[in-house]
Amino acid sequence: MTELLVGTRKGLFVLEGEPGGALEVKARAFAGEPVEYAMRDPRSGRVLASVTSAFYGPKVWYADDPSGEWLQADGVVLPEGGEKALERIWAIVAGEDHGTLYAGGDPGVLFESRDGGATWALNRTLWEHPTRPSWQPGAGGLCLHSIVPWSGDLDRIALGLSAVGVWLTEDGGATWRHGNEGLVPRYLPDDAREGSMTLCVHNLQRAPQRPERMFMQFHGGVYRSDDGGETWTDIGAGLPSDFGFPMVLDPADPDSAFVIPLTADVDRVTPDGRVRVYETRDAGASWTARGDGLPQRDAYLTILRQAFDRAGAGSALELYFGSTSGAVFGSSDAGASWFTAASHLPPVYSVRATG
Amino acid sequence: MALVTLCGPLKTRAGGASDHAVDGATVRDVLRGLEDAHPAVGGWILDERGLIRRHVNVFVNGEYGSEDTAVGPDDRIDVLQAISGG
């Protein structure tokens with residue numbers, strides 16, 4: 001049985017079923033509200049959701065049963081009386097020790113919870129980082145969207161921010177530094193690239209079996225790091241476009257990555273009217289299109305940053321992604337073939353799978 | 001005390017009551033006082049900057065009000081979800 005938590009413009013949908021065909025909507029929560037992200041903490045079973053009411057602002061909610069009562073988490077706010085307000089929570093990620101969760105949001109902020117998501121505190125060193133006045137937002141805001149713990153090490157975390165690059169800590173978030181060497185911001189003039197902090201990271205992932213190995217979808221470029229995010233090598237050659245947002249790894253294979261290219265930053269749809277996931281199994285040396293069962297004609301889909309996820313690993317790897325046109329597609333054979341899991345949901349913001 | 005009237009989810013978060021008598025010299029003061037009495041309302045009307053959220057409307061005696069609108073002890077403050085449509 002697979003469960004998908006699908007955040008949409010009009011609420012959270014919980015889909016369940018056996019992979020291979022349409023999944024059933026087992027629950028819907030926050031009807032009418034934008035749910036940017038929802039995840040089930042694999043350790044506690046608790047479901048957490050980021051909801052940004054157009055009226056009442058961004059909130060994080062949690063529930064043990066998504067069809068039951070939801071409680072609002074405390075502390076997901078910026079310091080009172082300042083010049084900034086929290087705009088949105090982009091991601092919620094389980095930490096390495098029991099009970100720890102991280103949440104990233106706009107304007108480039110990290111929150112930490114030590115009690116499974118009931119209460120949160122702002123990471124002050126990132127909030128008060130001396131370079132913050134020079135941070136520039138991307139088109140989606142100043143979003144901290146990727147939070148990447150280091151398997152087995154509580155203190156090492158990498159962050160991806162748009163458009164402020166990669167940030168690394170080795171002391172559990174007490175201090176932060178950049179990890180951007182090798183990234184090329186092609187959207188800047190040649191003579192403005194050197195040393196620029198305007199680095200539009202779109203997605204950041206770490207290979208759990210080899211945590212120094214990381215993959216990144218950039219705003220024009222797909223990159224790999226073999227040194228924990230210190231330096232980056234472009235591996236986008238062979239893709240129909242190196243622009244896109246979502247990215248998934250097979251946890252059983254540190255040489256693997258899956259991306260869903262979009263045509264370009266000025267045309268954010270699947271290239272050539274064909275929906276294809278691209279897979280590498282050689283750390284980016286080559287890419288293979290995986291589209292069997294996906295729309296291959298007149299299909300101009302947009303797949304957002306958080307709308308691609310996996311369950312399982314290795315030969316049991318399942319992949320799922322959703323589009324802003326309200327479809328969710330799945331694969332139960334590591335991308336070799338695909339099925340339609342849902343067809344008529346509201347615009348999909350996020351997909352998170354448990355299986 | 002001013003009389004604050006809530007509806008919808010704000011009423012629910014304020015213990016289920018529509019009407020709340022709250023002290024304060026400005027709309028912001030009154031809304032902060034409401035948050036003190038009902039912490040679950042915190043962050044729902046005013047954001048961290050102390051500004052009324054963009055799609056929440058506050059009326060003082062039937063007139064649009066802002067955070068700094070002066071409030072007297074006999075005034076009525078209605079807090080409503082904006083239409084925000086087209």
# chains A, B, ... in the order shown; residues from 1 in each chain; ligands from 1
>>> select_by_dssp(residues="chain B", states="helix (DSSP H, G or I)", output="JSON, numbers by chain")
{"B": [8, 9, 10, 11, 12, 13, 27, 28, 29, 30, 31, 32, 33, 34, 35, 36, 37, 39, 40, 41]}
>>> residues_around(residues="stretch 67-76 of chain B", least_positions_apart="5", cutoff="6 Å", atoms="only C-alpha atoms", output="list of chain:residue names")
B:Met1, B:Ala2, B:Leu3, B:Ala25, B:Thr26, B:Val27, B:Arg28, B:Val60, B:Asn61
>>> closest_atom_pairs(of="chain B", to="chain A", cutoff="12 Å", atoms="only C-alpha atoms", output="Markdown table")
| residue | atom | partner | partner_atom | distance |
| --- | --- | --- | --- | --- |
| B:Gly8 | CA | A:Phe55 | CA | 11.5 |
| B:Pro9 | CA | A:Tyr56 | CA | 9.4 |
| B:Leu10 | CA | A:Tyr56 | CA | 9.1 |
| B:Arg13 | CA | A:Gln72 | CA | 10.7 |
| B:Arg32 | CA | A:Glu80 | CA | 11.6 |
| B:Pro39 | CA | A:Asp74 | CA | 10.3 |
| B:Ala40 | CA | A:Gln72 | CA | 8.7 |
| B:Val41 | CA | A:Tyr56 | CA | 9.7 |
| B:Gly42 | CA | A:Asp74 | CA | 10.0 |
| B:Gly43 | CA | A:Tyr56 | CA | 7.4 |
| B:Trp44 | CA | A:Tyr56 | CA | 4.6 |
| B:Ile45 | CA | A:Tyr56 | CA | 6.3 |
| B:Leu46 | CA | A:Tyr56 | CA | 8.6 |
| B:Asp47 | CA | A:Ala85 | CA | 6.3 |
| B:Glu48 | CA | A:Glu80 | CA | 4.6 |
| B:Arg49 | CA | A:Gly81 | CA | 4.7 |
| B:Gly50 | CA | A:Gly81 | CA | 6.4 |
| B:Leu51 | CA | A:Ala85 | CA | 9.3 |
| B:Ile52 | CA | A:Tyr56 | CA | 9.6 |
| B:Arg53 | CA | A:Tyr56 | CA | 6.7 |
| B:Arg54 | CA | A:Phe55 | CA | 7.1 |
| B:His55 | CA | A:Phe55 | CA | 4.8 |
| B:Val56 | CA | A:Phe55 | CA | 5.9 |
| B:Asn57 | CA | A:Phe55 | CA | 9.5 |
| B:Val79 | CA | A:Phe55 | CA | 11.5 |
| B:Leu80 | CA | A:Phe55 | CA | 9.6 |
| B:Gln81 | CA | A:Phe55 | CA | 6.5 |
| B:Ala82 | CA | A:Phe55 | CA | 7.4 |
| B:Ile83 | CA | A:Phe55 | CA | 9.7 |
| B:Ser84 | CA | A:Ala54 | CA | 8.8 |
| B:Gly85 | CA | A:Ala54 | CA | 11.2 |
>>> write_last_selection(atoms="N, CA and C atoms", output="compact mmCIF listing (two decimals), in the first residue's frame")
# COMPACT_ATOMS: atom_id res chain seq x y z
N GLY B 8 -16.23 33.54 11.54
CA GLY B 8 -15.51 32.49 10.85
C GLY B 8 -14.43 31.85 11.72
N PRO B 9 -13.27 31.55 11.13
CA PRO B 9 -12.22 30.87 11.89
C PRO B 9 -11.66 31.72 13.03
N LEU B 10 -11.75 33.03 12.90
CA LEU B 10 -11.25 33.88 13.99
C LEU B 10 -12.11 33.70 15.24
N ARG B 13 -11.18 30.47 16.86
CA ARG B 13 -9.89 30.50 17.56
C ARG B 13 -9.96 31.35 18.84
N ARG B 32 -3.77 43.41 19.74
CA ARG B 32 -2.76 42.78 20.59
C ARG B 32 -3.40 42.32 21.91
N PRO B 39 -4.55 33.56 22.88
CA PRO B 39 -3.28 33.37 22.13
C PRO B 39 -3.45 32.64 20.80
N ALA B 40 -4.50 31.85 20.67
CA ALA B 40 -4.69 31.13 19.41
C ALA B 40 -4.99 32.07 18.25
N VAL B 41 -5.33 33.31 18.54
CA VAL B 41 -5.57 34.30 17.49
C VAL B 41 -4.26 34.92 17.01
N GLY B 42 -3.20 34.75 17.79
CA GLY B 42 -1.92 35.36 17.47
C GLY B 42 -1.45 34.98 16.07
N GLY B 43 -1.10 35.99 15.29
CA GLY B 43 -0.61 35.76 13.93
C GLY B 43 -1.69 35.64 12.88
N TRP B 44 -2.93 35.64 13.30
CA TRP B 44 -4.02 35.46 12.33
C TRP B 44 -4.54 36.79 11.79
N ILE B 45 -4.48 37.83 12.58
CA ILE B 45 -4.97 39.14 12.12
C ILE B 45 -3.78 40.07 11.88
N LEU B 46 -2.94 40.19 12.87
CA LEU B 46 -1.70 40.98 12.73
C LEU B 46 -0.54 40.05 12.42
N ASP B 47 0.35 40.49 11.51
CA ASP B 47 1.55 39.70 11.28
C ASP B 47 2.65 40.12 12.25
N GLU B 48 3.85 39.59 12.05
CA GLU B 48 4.95 39.83 12.99
C GLU B 48 5.32 41.31 13.06
N ARG B 49 5.06 42.03 12.00
CA ARG B 49 5.39 43.46 11.96
C ARG B 49 4.36 44.31 12.69
N GLY B 50 3.27 43.68 13.09
CA GLY B 50 2.19 44.44 13.70
C GLY B 50 1.26 45.06 12.67
N LEU B 51 1.31 44.54 11.44
CA LEU B 51 0.44 45.03 10.38
C LEU B 51 -0.75 44.09 10.21
N ILE B 52 -1.89 44.69 9.89
CA ILE B 52 -3.07 43.87 9.58
C ILE B 52 -2.80 43.11 8.29
N ARG B 53 -3.08 41.81 8.30
CA ARG B 53 -2.82 41.01 7.10
C ARG B 53 -3.59 41.58 5.92
N ARG B 54 -2.98 41.42 4.75
CA ARG B 54 -3.43 42.10 3.54
C ARG B 54 -4.89 41.81 3.20
N HIS B 55 -5.31 40.59 3.45
CA HIS B 55 -6.67 40.22 3.06
C HIS B 55 -7.60 40.08 4.27
N VAL B 56 -7.29 40.83 5.30
CA VAL B 56 -8.20 40.96 6.44
C VAL B 56 -8.61 42.43 6.51
N ASN B 57 -9.88 42.65 6.66
CA ASN B 57 -10.38 44.02 6.78
C ASN B 57 -10.84 44.30 8.21
N VAL B 79 -13.88 42.63 12.52
CA VAL B 79 -12.76 42.02 11.79
C VAL B 79 -13.33 41.01 10.81
N LEU B 80 -13.08 41.26 9.52
CA LEU B 80 -13.70 40.44 8.47
C LEU B 80 -12.65 39.96 7.48
N GLN B 81 -12.92 38.80 6.94
CA GLN B 81 -12.13 38.30 5.82
C GLN B 81 -12.47 39.15 4.59
N ALA B 82 -11.43 39.63 3.88
CA ALA B 82 -11.69 40.45 2.70
C ALA B 82 -12.31 39.61 1.59
N ILE B 83 -13.00 40.26 0.68
CA ILE B 83 -13.59 39.52 -0.45
C ILE B 83 -12.48 38.98 -1.34
N SER B 84 -11.50 39.81 -1.66
CA SER B 84 -10.30 39.38 -2.40
C SER B 84 -10.64 38.61 -3.66
N GLY B 85 -11.66 39.01 -4.34
CA GLY B 85 -12.01 38.32 -5.58
C GLY B 85 -12.16 39.31 -6.71
>>> residues_around(residues="A:Ile157", least_positions_apart="3", cutoff="12 Å", atoms="only C-alpha atoms", output="PyMOL selection string")
chain A and resi 93-96+102+110+146-154+160+166-179+204-206+211-212+214+228-229
>>> write_last_selection(atoms="C-alpha atoms", output="PDB file, in the first residue's frame")
ATOM      1  CA  VAL A  93      12.193  17.638   6.748  1.00  0.00           C
ATOM      2  CA  ALA A  94      12.954  15.034   9.418  1.00  0.00           C
ATOM      3  CA  GLY A  95      16.300  15.455  11.172  1.00  0.00           C
ATOM      4  CA  GLU A  96      18.739  12.758  12.160  1.00  0.00           C
ATOM      5  CA  TYR A 102      13.403  21.327  10.186  1.00  0.00           C
ATOM      6  CA  LEU A 110      15.030  27.924   8.987  1.00  0.00           C
ATOM      7  CA  SER A 146      15.908  22.332   0.519  1.00  0.00           C
ATOM      8  CA  ILE A 147      17.067  21.022   3.904  1.00  0.00           C
ATOM      9  CA  VAL A 148      19.497  18.140   3.654  1.00  0.00           C
ATOM     10  CA  PRO A 149      20.695  16.407   6.822  1.00  0.00           C
ATOM     11  CA  TRP A 150      23.797  14.190   6.734  1.00  0.00           C
ATOM     12  CA  SER A 151      22.968  10.552   7.370  1.00  0.00           C
ATOM     13  CA  GLY A 152      24.231   9.607  10.808  1.00  0.00           C
ATOM     14  CA  ASP A 153      25.661  13.029  11.682  1.00  0.00           C
ATOM     15  CA  LEU A 154      23.475  15.376  13.692  1.00  0.00           C
ATOM     16  CA  GLY A 160      19.385  25.299  -0.593  1.00  0.00           C
ATOM     17  CA  VAL A 166      24.041  26.498  -0.758  1.00  0.00           C
ATOM     18  CA  TRP A 167      24.666  26.911   2.955  1.00  0.00           C
ATOM     19  CA  LEU A 168      26.540  24.416   5.084  1.00  0.00           C
ATOM     20  CA  THR A 169      26.849  23.856   8.804  1.00  0.00           C
ATOM     21  CA  GLU A 170      29.036  21.396  10.701  1.00  0.00           C
ATOM     22  CA  ASP A 171      27.895  22.453  14.143  1.00  0.00           C
ATOM     23  CA  GLY A 172      24.179  21.817  14.069  1.00  0.00           C
ATOM     24  CA  GLY A 173      23.287  25.251  12.774  1.00  0.00           C
ATOM     25  CA  ALA A 174      25.359  27.354  15.153  1.00  0.00           C
ATOM     26  CA  THR A 175      27.340  28.727  12.202  1.00  0.00           C
ATOM     27  CA  TRP A 176      26.749  28.760   8.454  1.00  0.00           C
ATOM     28  CA  ARG A 177      28.966  29.200   5.428  1.00  0.00           C
ATOM     29  CA  HIS A 178      28.575  29.058   1.686  1.00  0.00           C
ATOM     30  CA  GLY A 179      29.239  25.999  -0.502  1.00  0.00           C
ATOM     31  CA  LEU A 204      19.293  19.972  -3.366  1.00  0.00           C
ATOM     32  CA  GLN A 205      19.526  16.257  -2.518  1.00  0.00           C
ATOM     33  CA  ARG A 206      22.043  14.017  -0.741  1.00  0.00           C
ATOM     34  CA  PRO A 211      26.518  11.543   2.184  1.00  0.00           C
ATOM     35  CA  GLU A 212      29.365  13.551   0.682  1.00  0.00           C
ATOM     36  CA  MET A 214      25.031  15.559  -3.465  1.00  0.00           C
ATOM     37  CA  GLY A 228      29.615  17.481   0.792  1.00  0.00           C
ATOM     38  CA  GLY A 229      28.614  20.581  -1.118  1.00  0.00           C
TER      39      GLY A 229
END
>>> atom_distance(atom1="atom CA of A:Tyr300", atom2="atom CA of A:Ala341")
18.2 Å
>>> atom_distance(atom1="atom CA of A:Val266", atom2="atom CA of A:Ala237")
19.9 Å
>>> atom_distance(atom1="atom CA of A:Asp309", atom2="atom CA of A:Thr340")
14.9 Å
>>> select_by_dssp(residues="stretch 41-71 of chain B", states="strand (DSSP E)", output="VMD selection string")
chain B and resid 56 to 60 63 to 64
>>> write_last_selection(atoms="C-alpha atoms", output="PDB file, in the first residue's frame")
ATOM      1  CA  VAL B  56      -8.199  40.959   6.439  1.00  0.00           C
ATOM      2  CA  ASN B  57     -10.382  44.022   6.776  1.00  0.00           C
ATOM      3  CA  VAL B  58     -10.901  45.903  10.005  1.00  0.00           C
ATOM      4  CA  PHE B  59     -13.775  48.339  10.399  1.00  0.00           C
ATOM      5  CA  VAL B  60     -14.116  50.835  13.246  1.00  0.00           C
ATOM      6  CA  GLU B  63     -15.436  52.685   8.554  1.00  0.00           C
ATOM      7  CA  TYR B  64     -12.280  51.063   7.191  1.00  0.00           C
TER       8      TYR B  64
END
>>> closest_residue(among="A:Arg40, A:Val109, A:Val14, A:Asp64", to="A:Asn123", atoms="only C-alpha atoms")
A:Val109
>>> residues_around(residues="A:Gly117", least_positions_apart="2", cutoff="10 Å", atoms="only C-alpha atoms", output="ChimeraX atom specification")
/A:41,46-48,60-63,72-75,92,94,99-103,112-115,119-120
>>> write_last_selection(atoms="N, CA and C atoms", output="CSV table (one decimal), in the first residue's frame")
chain,number,residue,atom,x,y,z
A,41,ASP,N,6.1,12.2,9.0
A,41,ASP,CA,7.4,11.9,9.7
A,41,ASP,C,7.5,10.4,9.8
A,46,ARG,N,3.4,11.0,12.4
A,46,ARG,CA,2.7,12.3,12.4
A,46,ARG,C,2.8,13.0,11.0
A,47,VAL,N,1.7,13.6,10.6
A,47,VAL,CA,1.6,14.3,9.4
A,47,VAL,C,1.7,15.8,9.7
A,48,LEU,N,2.6,16.5,8.9
A,48,LEU,CA,2.8,17.9,9.1
A,48,LEU,C,2.5,18.6,7.8
A,60,VAL,N,1.9,26.2,10.2
A,60,VAL,CA,2.2,24.8,10.1
A,60,VAL,C,1.3,24.1,11.0
A,61,TRP,N,0.7,23.0,10.5
A,61,TRP,CA,-0.3,22.2,11.3
A,61,TRP,C,0.2,20.8,11.4
A,62,TYR,N,-0.3,20.0,12.4
A,62,TYR,CA,0.1,18.6,12.5
A,62,TYR,C,-1.0,17.8,13.0
A,63,ALA,N,-1.0,16.5,12.6
A,63,ALA,CA,-2.1,15.6,13.0
A,63,ALA,C,-1.5,14.2,13.0
A,72,GLN,N,-2.4,23.6,15.3
A,72,GLN,CA,-1.5,24.5,14.8
A,72,GLN,C,-0.2,24.5,15.6
A,73,ALA,N,0.9,24.4,14.9
A,73,ALA,CA,2.2,24.4,15.6
A,73,ALA,C,2.6,25.8,16.1
A,74,ASP,N,3.3,25.8,17.2
A,74,ASP,CA,3.7,27.1,17.8
A,74,ASP,C,5.1,27.5,17.3
A,75,GLY,N,5.3,28.8,17.2
A,75,GLY,CA,6.7,29.3,17.0
A,75,GLY,C,7.1,29.4,15.6
A,92,ILE,N,9.3,20.8,5.0
A,92,ILE,CA,9.5,20.3,6.3
A,92,ILE,C,10.2,18.9,6.2
A,94,ALA,N,12.6,15.7,8.2
A,94,ALA,CA,13.0,15.0,9.4
A,94,ALA,C,14.5,15.1,9.6
A,99,GLY,N,12.7,13.1,16.9
A,99,GLY,CA,11.9,14.3,17.3
A,99,GLY,C,12.3,15.6,16.6
A,100,THR,N,13.5,15.6,16.0
A,100,THR,CA,13.9,16.8,15.3
A,100,THR,C,13.4,16.9,13.9
A,101,LEU,N,12.8,18.1,13.7
A,101,LEU,CA,12.3,18.4,12.3
A,101,LEU,C,12.9,19.8,12.0
A,102,TYR,N,13.0,20.0,10.7
A,102,TYR,CA,13.4,21.3,10.2
A,102,TYR,C,12.3,21.8,9.2
A,103,ALA,N,12.1,23.1,9.2
A,103,ALA,CA,11.2,23.7,8.2
A,103,ALA,C,11.9,24.9,7.6
A,112,GLU,N,13.5,25.1,13.6
A,112,GLU,CA,13.8,23.8,14.2
A,112,GLU,C,12.8,23.4,15.3
A,113,SER,N,12.5,22.1,15.2
A,113,SER,CA,11.6,21.6,16.3
A,113,SER,C,12.3,20.4,16.9
A,114,ARG,N,12.1,20.3,18.2
A,114,ARG,CA,12.7,19.1,18.9
A,114,ARG,C,11.7,18.2,19.5
A,115,ASP,N,10.4,18.5,19.2
A,115,ASP,CA,9.3,17.7,19.8
A,115,ASP,C,8.4,17.2,18.7
A,119,THR,N,6.2,22.4,18.5
A,119,THR,CA,6.8,23.7,18.7
A,119,THR,C,8.1,23.9,17.9
A,120,TRP,N,8.3,25.1,17.5
A,120,TRP,CA,9.4,25.5,16.6
A,120,TRP,C,10.2,26.7,17.1
>>> decode(residues="stretch 211-239 of chain A", atoms="N, CA and C atoms", output="tab-separated table (two decimals), in the first residue's frame")
chain	number	residue	atom	x	y	z
A	211	PRO	N	27.07	10.21	1.92
A	211	PRO	CA	26.52	11.54	2.18
A	211	PRO	C	27.34	12.70	1.64
A	212	GLU	N	28.61	12.46	1.29
A	212	GLU	CA	29.36	13.55	0.68
A	212	GLU	C	28.93	13.78	-0.77
A	213	ARG	N	28.17	12.83	-1.33
A	213	ARG	CA	27.67	12.95	-2.70
A	213	ARG	C	26.33	13.69	-2.67
A	214	MET	N	26.27	14.79	-3.39
A	214	MET	CA	25.03	15.56	-3.46
A	214	MET	C	24.73	15.87	-4.93
A	215	PHE	N	23.45	16.09	-5.19
A	215	PHE	CA	23.01	16.50	-6.51
A	215	PHE	C	22.18	17.78	-6.37
A	216	MET	N	22.23	18.60	-7.41
A	216	MET	CA	21.50	19.87	-7.37
A	216	MET	C	20.87	20.17	-8.73
A	217	GLN	N	19.61	20.60	-8.69
A	217	GLN	CA	19.02	21.25	-9.85
A	217	GLN	C	19.16	22.75	-9.64
A	218	PHE	N	19.83	23.39	-10.56
A	218	PHE	CA	20.08	24.83	-10.49
A	218	PHE	C	19.18	25.53	-11.49
A	219	HIS	N	19.17	26.85	-11.40
A	219	HIS	CA	18.42	27.65	-12.38
A	219	HIS	C	19.25	27.72	-13.67
A	220	GLY	N	19.20	26.62	-14.42
A	220	GLY	CA	20.09	26.46	-15.57
A	220	GLY	C	21.33	25.71	-15.15
A	221	GLY	N	21.25	24.38	-15.18
A	221	GLY	CA	22.37	23.56	-14.76
A	221	GLY	C	21.92	22.48	-13.79
A	222	VAL	N	22.46	21.29	-13.97
A	222	VAL	CA	22.31	20.22	-12.99
A	222	VAL	C	23.72	19.89	-12.51
A	223	TYR	N	23.91	19.81	-11.22
A	223	TYR	CA	25.26	19.71	-10.66
A	223	TYR	C	25.37	18.52	-9.70
A	224	ARG	N	26.62	18.09	-9.53
A	224	ARG	CA	26.95	17.06	-8.55
A	224	ARG	C	28.11	17.56	-7.69
A	225	SER	N	28.06	17.22	-6.42
A	225	SER	CA	29.18	17.49	-5.52
A	225	SER	C	29.62	16.17	-4.89
A	226	ASP	N	30.91	15.96	-4.83
A	226	ASP	CA	31.45	14.76	-4.18
A	226	ASP	C	32.17	15.09	-2.88
A	227	ASP	N	32.02	16.32	-2.44
A	227	ASP	CA	32.71	16.74	-1.22
A	227	ASP	C	31.77	17.47	-0.26
A	228	GLY	N	30.56	16.95	-0.19
A	228	GLY	CA	29.61	17.48	0.79
A	228	GLY	C	29.11	18.87	0.50
A	229	GLY	N	29.16	19.28	-0.76
A	229	GLY	CA	28.61	20.58	-1.12
A	229	GLY	C	29.63	21.71	-1.14
A	230	GLU	N	30.90	21.38	-1.02
A	230	GLU	CA	31.93	22.43	-1.10
A	230	GLU	C	32.08	22.92	-2.54
A	231	THR	N	32.20	21.94	-3.48
A	231	THR	CA	32.40	22.28	-4.88
A	231	THR	C	31.42	21.50	-5.74
A	232	TRP	N	31.14	22.04	-6.93
A	232	TRP	CA	30.09	21.50	-7.77
A	232	TRP	C	30.57	21.36	-9.21
A	233	THR	N	30.12	20.27	-9.86
A	233	THR	CA	30.47	19.98	-11.25
A	233	THR	C	29.17	19.87	-12.05
A	234	ASP	N	29.13	20.55	-13.19
A	234	ASP	CA	27.94	20.52	-14.03
A	234	ASP	C	27.81	19.15	-14.70
A	235	ILE	N	26.65	18.53	-14.53
A	235	ILE	CA	26.39	17.22	-15.13
A	235	ILE	C	25.16	17.27	-16.02
A	236	GLY	N	24.81	18.46	-16.51
A	236	GLY	CA	23.55	18.62	-17.26
A	236	GLY	C	23.63	18.18	-18.71
A	237	ALA	N	24.83	17.90	-19.22
A	237	ALA	CA	24.92	17.51	-20.63
A	237	ALA	C	24.15	16.22	-20.87
A	238	GLY	N	23.38	16.20	-21.95
A	238	GLY	CA	22.59	15.02	-22.26
A	238	GLY	C	21.12	15.16	-21.91
A	239	LEU	N	20.78	16.21	-21.18
A	239	LEU	CA	19.38	16.48	-20.89
A	239	LEU	C	18.80	17.38	-21.98
